[in-house]
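> Supplied in structure tokens, the structure appears directly below.
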Amino acid sequence: MYKYLLALLLLSSAAQAQSVEFSKDRFGNDKDGLRAALKEIKLGDEWYLNDPPRYEQALPHYLEAQKLNAENAELNLKIGDCYLHSGFKPRALAYLQKAYQLNAGVDPRIHYLLGRGLHLNGKWAAAIAEYKQATPATGTKNTAGFTQDIQKKIKECENGRLLEAKPIRVFVDNAGPGVNSPYPDYGPVISADESVMLFTSRRQGSTGGEKDPESGGFFEDVYQSVRSGDAWGPARSLGETVNTAGHDATVGLAPDAQRLLVYMEDNGGDLHESNLRGAEWSKPKQLGTRINSKAHESSAAYTPDGRSLLFVSDKPGGLGSRDIYKVEMEGRGPAVNLGPAINTPYGEEGVFLHPDGKTMYFSSEGHNSMGGYDIFRSTYENGKWGAPENLGWPINTPDDDVFFVISASGRHGYYSSFRDDGLGSKDIYQITFLGAEKAPALSQEDQLLASRVQPVKETQLAPAVPVATAQVTILKGTITDAASKQPLEATIDVIDNSRNENIASFKANAQSGRYLVSLPSGVNYGIVVRQDGYLFHSENFDLPAGTAYSEVVKDIQLKKLDVGVKVVLNNIFFDFDKATLRKESTGELERLQKLLTETPALRLEISGHTDNVGNAAYNKDLSQRRAKTVVDYLVTKGVAKDRLTFAGYGDTQPVAPNTTKAGRQQNRRTEFKVTGK
């Protein structure tokens, strides 16, 4: 009975509420208050009724007027409408509900606007009810388009209800004051190992110091932050080499953070590329017409080998308002639309390709979005992109969720959002993926307590649930001169040993010698480091399909060609317990042959080595036969026999302890020593 009476009182109160006008009757003798309120409304209307409306500029004036009279239906509706077009859309609902309470006929759009306010607050069922009552605004010519829009938004609410019912387990944390400011900060891009972040900011102190007359905010600039422990260090501007007096925004970053994609406003909005030379970024260079058009190119991502680009454009001929394309950067063919598996009749945006080379993240207004743009994931398998999967609640919200990137480990993602814990405006947030929830396991023994009649089950934790990680290995470190220890801007070639094919090439940083290479699982890799005036250095990483994420730190010292110098040939392979070369050795042997051809006076000893497992005499014989096989191969390729010698040392010259599997692996090797030059 009490609940019934309370409901009647609330209905009665709502029925009695009516809009209070800005008039002398309302303000009485407070002429100054009335004058101030009307002035603010007039200033707000100048922006609100502009073509196109400037909601962000109108809102502060309306809020000032609302302080003087909070009971005006039309003003509350305008405030709600402005919030619907701001970064704080959920705030619109309270004002729209107030407007409807004061005057149910305040505006023909009221049910649609209420639907939007409820939708953006995740009130799915209530939003659907309002959408169903919505009618086109007076003078609307495209009623079919309005009906289609309503149907889509109802479907988004239905999607949202299903996704919210099965939330994913994540932490969403503010990236902190090193990155975020009291101004809008967004568009994060990260190196594969999360050591470097570049992002876009509209903070005070931008290049040129001017404000955009369209939005009233400072022009966009690109900033960089370096991770220190668990926190991001103070951000610094990339300076006038990259930033201009106009808008300059982050778009994409290569996994090694040596190449940056920048958006600039020329030609309707184009993509540019800047390269890190030591500690300085080069002036951004516009990418070619196979990528940029007279339309708007807004976001892009490198493939891990750096040879191709995924990018977003609204150029004519697409499947929707904005589509994702792929193009070979050094090729001649046109950009290729990714097709209907990815692109929808609506908009796609914010494309990002994971360092594993097969997992793409992007935002879409289509598929099963719960409102605006949602973030999706698709995997490339068997020559095609799989069905996009919504990342789910609470990463995705009823508002736009765009420009998401994720670390190579798959543990952390980054994007920008308006949240209550923000430092002033739109902030950058870190998402930590926790994996599937661990279910409790009940013990099978009844724990009887004297004070209870029923037995009690003791809750125990089930075995740990592993967090899914990406199938990629990150190889990083520094490259230096072996003698001087000075950094080298060496070239790192990534070889597919099974095909003897160079699949990617990178350069170490000229100032620091640092390098980072992303190696997706499923390939036997040869890593070759070369620099003019030095002997090449090779490493081998055989990563079968399904190999979990790992980071390998490998500092490499290149040696100059001097008598007595030894170099391990890590990409020469033999059949088990035999001296028969495997085909994966071809690339390494060809590099050795090239070295001998380019240096006619060079003389080498090829030596074989084993671990200490087995008979010592047998190991020495096997190592000698393997060394001879390498020499015989080189002779058949035209190298003079008198330039080469061979030796087998068995287990007598270990380079690592034989007490571990890894140590024994290092000791089983083929190497060469310079005996003359």
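So you can find residues: chains in the structure tokens are A, B, ... in the order shown, residues in each start at 1, and ligands are numbered from 1 in order.
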What's around A:Ser505 at 8 Å? Count only C-alpha atoms, leave out sequence neighbours fewer than 2 positions away in its own chain, and write the answer as a ChimeraX atom specification.

/A:305,491-494,502-503,507

> Could you list, as a tab-separated table (two decimals) with C-alpha atoms, in the first residue's frame, every residue within 7 Å of A:Leu644, counting only C-alpha atoms and ignoring same-chain residues fewer than 6 positions away?


chain	number	residue	atom	x	y	z
A	603	ARG	CA	90.56	-16.95	-45.20
A	604	LEU	CA	88.41	-18.87	-42.75
A	605	GLU	CA	88.43	-21.88	-40.49
A	631	VAL	CA	83.44	-26.26	-46.53

> Apply DSSP to the backbone of this structure and, from stretch 78-252 of chain A, keep only the residues in helix (DSSP H, G or I); write these as JSON, numbers by chain.

{"A": [78, 79, 80, 81, 82, 83, 84, 89, 90, 91, 92, 93, 94, 95, 96, 97, 98, 99, 100, 101, 102, 110, 111, 112, 113, 114, 115, 116, 117, 118, 119, 120, 124, 125, 126, 127, 128, 129, 130, 131, 132, 133, 143, 144, 145, 146, 147, 148, 149, 150, 151, 152, 153, 154, 155, 156, 157, 158, 159, 160, 161, 162, 163, 164]}

> Which neighbours of stretch 382-397 of chain A fall inside 9 Å, counting only C-alpha atoms, when residues of the same chain fewer than 4 positions from it are skipped, and could you give them as a PyMOL selection string?

chain A and resi 120-122+160+163-170+172+338+341-342+358+360-361+367-378+401+431

> Identify, on the basis of only C-alpha atoms, every residue whose closest approach to A:Asp555 does not exceed 10 Å; exclude the query and any residue fewer than 3 positions from it along the same chain; express the result as an MDAnalysis selection string.

chainID A and resid 475:480 513:515 552

> How about saving the chosen residues, C-alpha atoms kept, as a PDB file, in the first residue's frame?


ATOM      1  CA  LEU A 475      63.179  -9.513 -29.690  1.00  0.00           C
ATOM      2  CA  LYS A 476      64.839  -6.338 -28.481  1.00  0.00           C
ATOM      3  CA  GLY A 477      68.129  -4.985 -27.236  1.00  0.00           C
ATOM      4  CA  THR A 478      71.011  -2.786 -28.367  1.00  0.00           C
ATOM      5  CA  ILE A 479      73.564  -3.149 -31.150  1.00  0.00           C
ATOM      6  CA  THR A 480      77.082  -1.892 -30.475  1.00  0.00           C
ATOM      7  CA  GLY A 513      71.545   1.378 -30.983  1.00  0.00           C
ATOM      8  CA  ARG A 514      68.231   0.081 -29.678  1.00  0.00           C
ATOM      9  CA  TYR A 515      66.143  -2.226 -31.820  1.00  0.00           C
ATOM     10  CA  VAL A 552      63.735 -11.785 -25.454  1.00  0.00           C
TER      11      VAL A 552
END

> At a cut-off of 12 Å, using only C-alpha atoms, what residues contact A:Lys155? Leave out same-chain residues fewer than 3 positions from it and give the result as a list of chain:residue names.

A:His119, A:Trp124, A:Ala125, A:Ala127, A:Ile128, A:Tyr131, A:Lys132, A:Gln148, A:Asp149, A:Ile150, A:Gln151, A:Lys152, A:Glu158, A:Asn159, A:Gly160, A:Arg161, A:Leu162, A:Glu365, A:Gly366, A:His367, A:Asn368, A:Ser369, A:Met370, A:Gly371, A:Gly372, A:Pro398

> Would you save the residues from that selection as an mmCIF file, in the first residue's frame, using N, CA, C and O atoms?


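Output contents, as saved in selection14.cif:
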data_model
loop_
_atom_site.group_PDB
_atom_site.id
_atom_site.type_symbol
_atom_site.label_atom_id
_atom_site.label_comp_id
_atom_site.auth_asym_id
_atom_site.auth_seq_id
_atom_site.Cartn_x
_atom_site.Cartn_y
_atom_site.Cartn_z
ATOM 1 N N HIS A 119 19.569 5.654 -23.750
ATOM 2 C CA HIS A 119 20.484 4.750 -24.460
ATOM 3 C C HIS A 119 21.921 4.973 -23.990
ATOM 4 O O HIS A 119 22.643 4.023 -23.651
ATOM 5 N N TRP A 124 18.601 0.253 -21.327
ATOM 6 C CA TRP A 124 18.248 -0.329 -22.620
ATOM 7 C C TRP A 124 16.746 -0.416 -22.847
ATOM 8 O O TRP A 124 16.244 0.033 -23.886
ATOM 9 N N ALA A 125 16.008 -1.004 -21.914
ATOM 10 C CA ALA A 125 14.567 -1.210 -22.104
ATOM 11 C C ALA A 125 13.821 0.117 -22.181
ATOM 12 O O ALA A 125 12.946 0.312 -23.037
ATOM 13 N N ALA A 127 15.037 2.996 -23.081
ATOM 14 C CA ALA A 127 15.411 3.667 -24.329
ATOM 15 C C ALA A 127 14.603 3.114 -25.490
ATOM 16 O O ALA A 127 14.117 3.870 -26.346
ATOM 17 N N ILE A 128 14.448 1.790 -25.537
ATOM 18 C CA ILE A 128 13.665 1.174 -26.610
ATOM 19 C C ILE A 128 12.233 1.692 -26.589
ATOM 20 O O ILE A 128 11.643 2.022 -27.630
ATOM 21 N N TYR A 131 12.245 5.202 -28.041
ATOM 22 C CA TYR A 131 12.478 5.172 -29.487
ATOM 23 C C TYR A 131 11.208 4.774 -30.240
ATOM 24 O O TYR A 131 10.916 5.298 -31.320
ATOM 25 N N LYS A 132 10.452 3.859 -29.655
ATOM 26 C CA LYS A 132 9.233 3.397 -30.332
ATOM 27 C C LYS A 132 8.161 4.482 -30.390
ATOM 28 O O LYS A 132 7.259 4.417 -31.226
ATOM 29 N N GLN A 148 14.625 4.047 -40.351
ATOM 30 C CA GLN A 148 15.787 3.152 -40.366
ATOM 31 C C GLN A 148 16.720 3.450 -39.194
ATOM 32 O O GLN A 148 17.249 2.533 -38.558
ATOM 33 N N ASP A 149 16.901 4.737 -38.892
ATOM 34 C CA ASP A 149 17.753 5.136 -37.773
ATOM 35 C C ASP A 149 17.185 4.624 -36.451
ATOM 36 O O ASP A 149 17.916 4.121 -35.597
ATOM 37 N N ILE A 150 15.874 4.755 -36.282
ATOM 38 C CA ILE A 150 15.222 4.279 -35.058
ATOM 39 C C ILE A 150 15.397 2.770 -34.913
ATOM 40 O O ILE A 150 15.734 2.258 -33.834
ATOM 41 N N GLN A 151 15.198 2.058 -35.995
ATOM 42 C CA GLN A 151 15.331 0.603 -35.946
ATOM 43 C C GLN A 151 16.758 0.194 -35.577
ATOM 44 O O GLN A 151 16.965 -0.753 -34.808
ATOM 45 N N LYS A 152 17.737 0.920 -36.130
ATOM 46 C CA LYS A 152 19.128 0.608 -35.815
ATOM 47 C C LYS A 152 19.417 0.865 -34.337
ATOM 48 O O LYS A 152 20.081 0.062 -33.670
ATOM 49 N N GLU A 158 19.344 -3.562 -27.943
ATOM 50 C CA GLU A 158 19.230 -5.005 -27.740
ATOM 51 C C GLU A 158 20.620 -5.640 -27.650
ATOM 52 O O GLU A 158 20.866 -6.524 -26.818
ATOM 53 N N ASN A 159 21.540 -5.179 -28.509
ATOM 54 C CA ASN A 159 22.927 -5.667 -28.429
ATOM 55 C C ASN A 159 23.535 -5.322 -27.079
ATOM 56 O O ASN A 159 24.209 -6.149 -26.453
ATOM 57 N N GLY A 160 23.307 -4.074 -26.639
ATOM 58 C CA GLY A 160 23.866 -3.629 -25.366
ATOM 59 C C GLY A 160 23.371 -4.449 -24.199
ATOM 60 O O GLY A 160 24.145 -4.792 -23.294
ATOM 61 N N ARG A 161 22.099 -4.772 -24.205
ATOM 62 C CA ARG A 161 21.525 -5.566 -23.116
ATOM 63 C C ARG A 161 22.199 -6.946 -23.049
ATOM 64 O O ARG A 161 22.522 -7.443 -21.965
ATOM 65 N N LEU A 162 22.451 -7.554 -24.203
ATOM 66 C CA LEU A 162 23.087 -8.869 -24.237
ATOM 67 C C LEU A 162 24.551 -8.790 -23.806
ATOM 68 O O LEU A 162 25.033 -9.635 -23.044
ATOM 69 N N GLU A 365 30.484 1.312 -36.528
ATOM 70 C CA GLU A 365 29.103 1.637 -36.175
ATOM 71 C C GLU A 365 28.167 0.491 -36.537
ATOM 72 O O GLU A 365 26.984 0.528 -36.186
ATOM 73 N N GLY A 366 28.685 -0.500 -37.261
ATOM 74 C CA GLY A 366 27.879 -1.635 -37.696
ATOM 75 C C GLY A 366 28.095 -2.858 -36.837
ATOM 76 O O GLY A 366 28.387 -2.767 -35.644
ATOM 77 N N HIS A 367 27.981 -4.027 -37.470
ATOM 78 C CA HIS A 367 28.078 -5.316 -36.769
ATOM 79 C C HIS A 367 27.114 -5.305 -35.571
ATOM 80 O O HIS A 367 25.969 -4.879 -35.708
ATOM 81 N N ASN A 368 27.544 -5.734 -34.405
ATOM 82 C CA ASN A 368 26.637 -5.719 -33.244
ATOM 83 C C ASN A 368 27.040 -4.635 -32.250
ATOM 84 O O ASN A 368 27.170 -4.863 -31.050
ATOM 85 N N SER A 369 27.238 -3.422 -32.772
ATOM 86 C CA SER A 369 27.552 -2.278 -31.913
ATOM 87 C C SER A 369 26.415 -2.015 -30.941
ATOM 88 O O SER A 369 25.240 -2.180 -31.274
ATOM 89 N N MET A 370 26.775 -1.548 -29.729
ATOM 90 C CA MET A 370 25.755 -1.184 -28.747
ATOM 91 C C MET A 370 25.474 0.313 -28.764
ATOM 92 O O MET A 370 24.728 0.820 -27.939
ATOM 93 N N GLY A 371 26.064 1.011 -29.761
ATOM 94 C CA GLY A 371 25.811 2.444 -29.887
ATOM 95 C C GLY A 371 27.034 3.183 -30.355
ATOM 96 O O GLY A 371 28.123 2.992 -29.801
ATOM 97 N N GLY A 372 26.896 4.018 -31.382
ATOM 98 C CA GLY A 372 28.048 4.715 -31.929
ATOM 99 C C GLY A 372 29.069 3.713 -32.428
ATOM 100 O O GLY A 372 28.735 2.639 -32.942
ATOM 101 N N PRO A 398 27.723 2.707 -24.791
ATOM 102 C CA PRO A 398 26.749 3.167 -25.787
ATOM 103 C C PRO A 398 27.247 4.356 -26.603
ATOM 104 O O PRO A 398 26.609 4.730 -27.584
#

> Run DSSP on the backbone and grab whatever in stretch 533-664 of chain A lands in strand (DSSP E or B); send it over as an MDAnalysis selection string.

chainID A and resid 534 537:543 550:553 556:558 560 566:568 574 581 603:609 644:648

> Under the rule that only C-alpha atoms are counted, which of A:Gln286, A:Gln471, A:Ser308, A:Ser191 is the nearest residue to A:Ile406?

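Counting only C-alpha atoms, the residue closest to A:Ile406 is A:Ser191.
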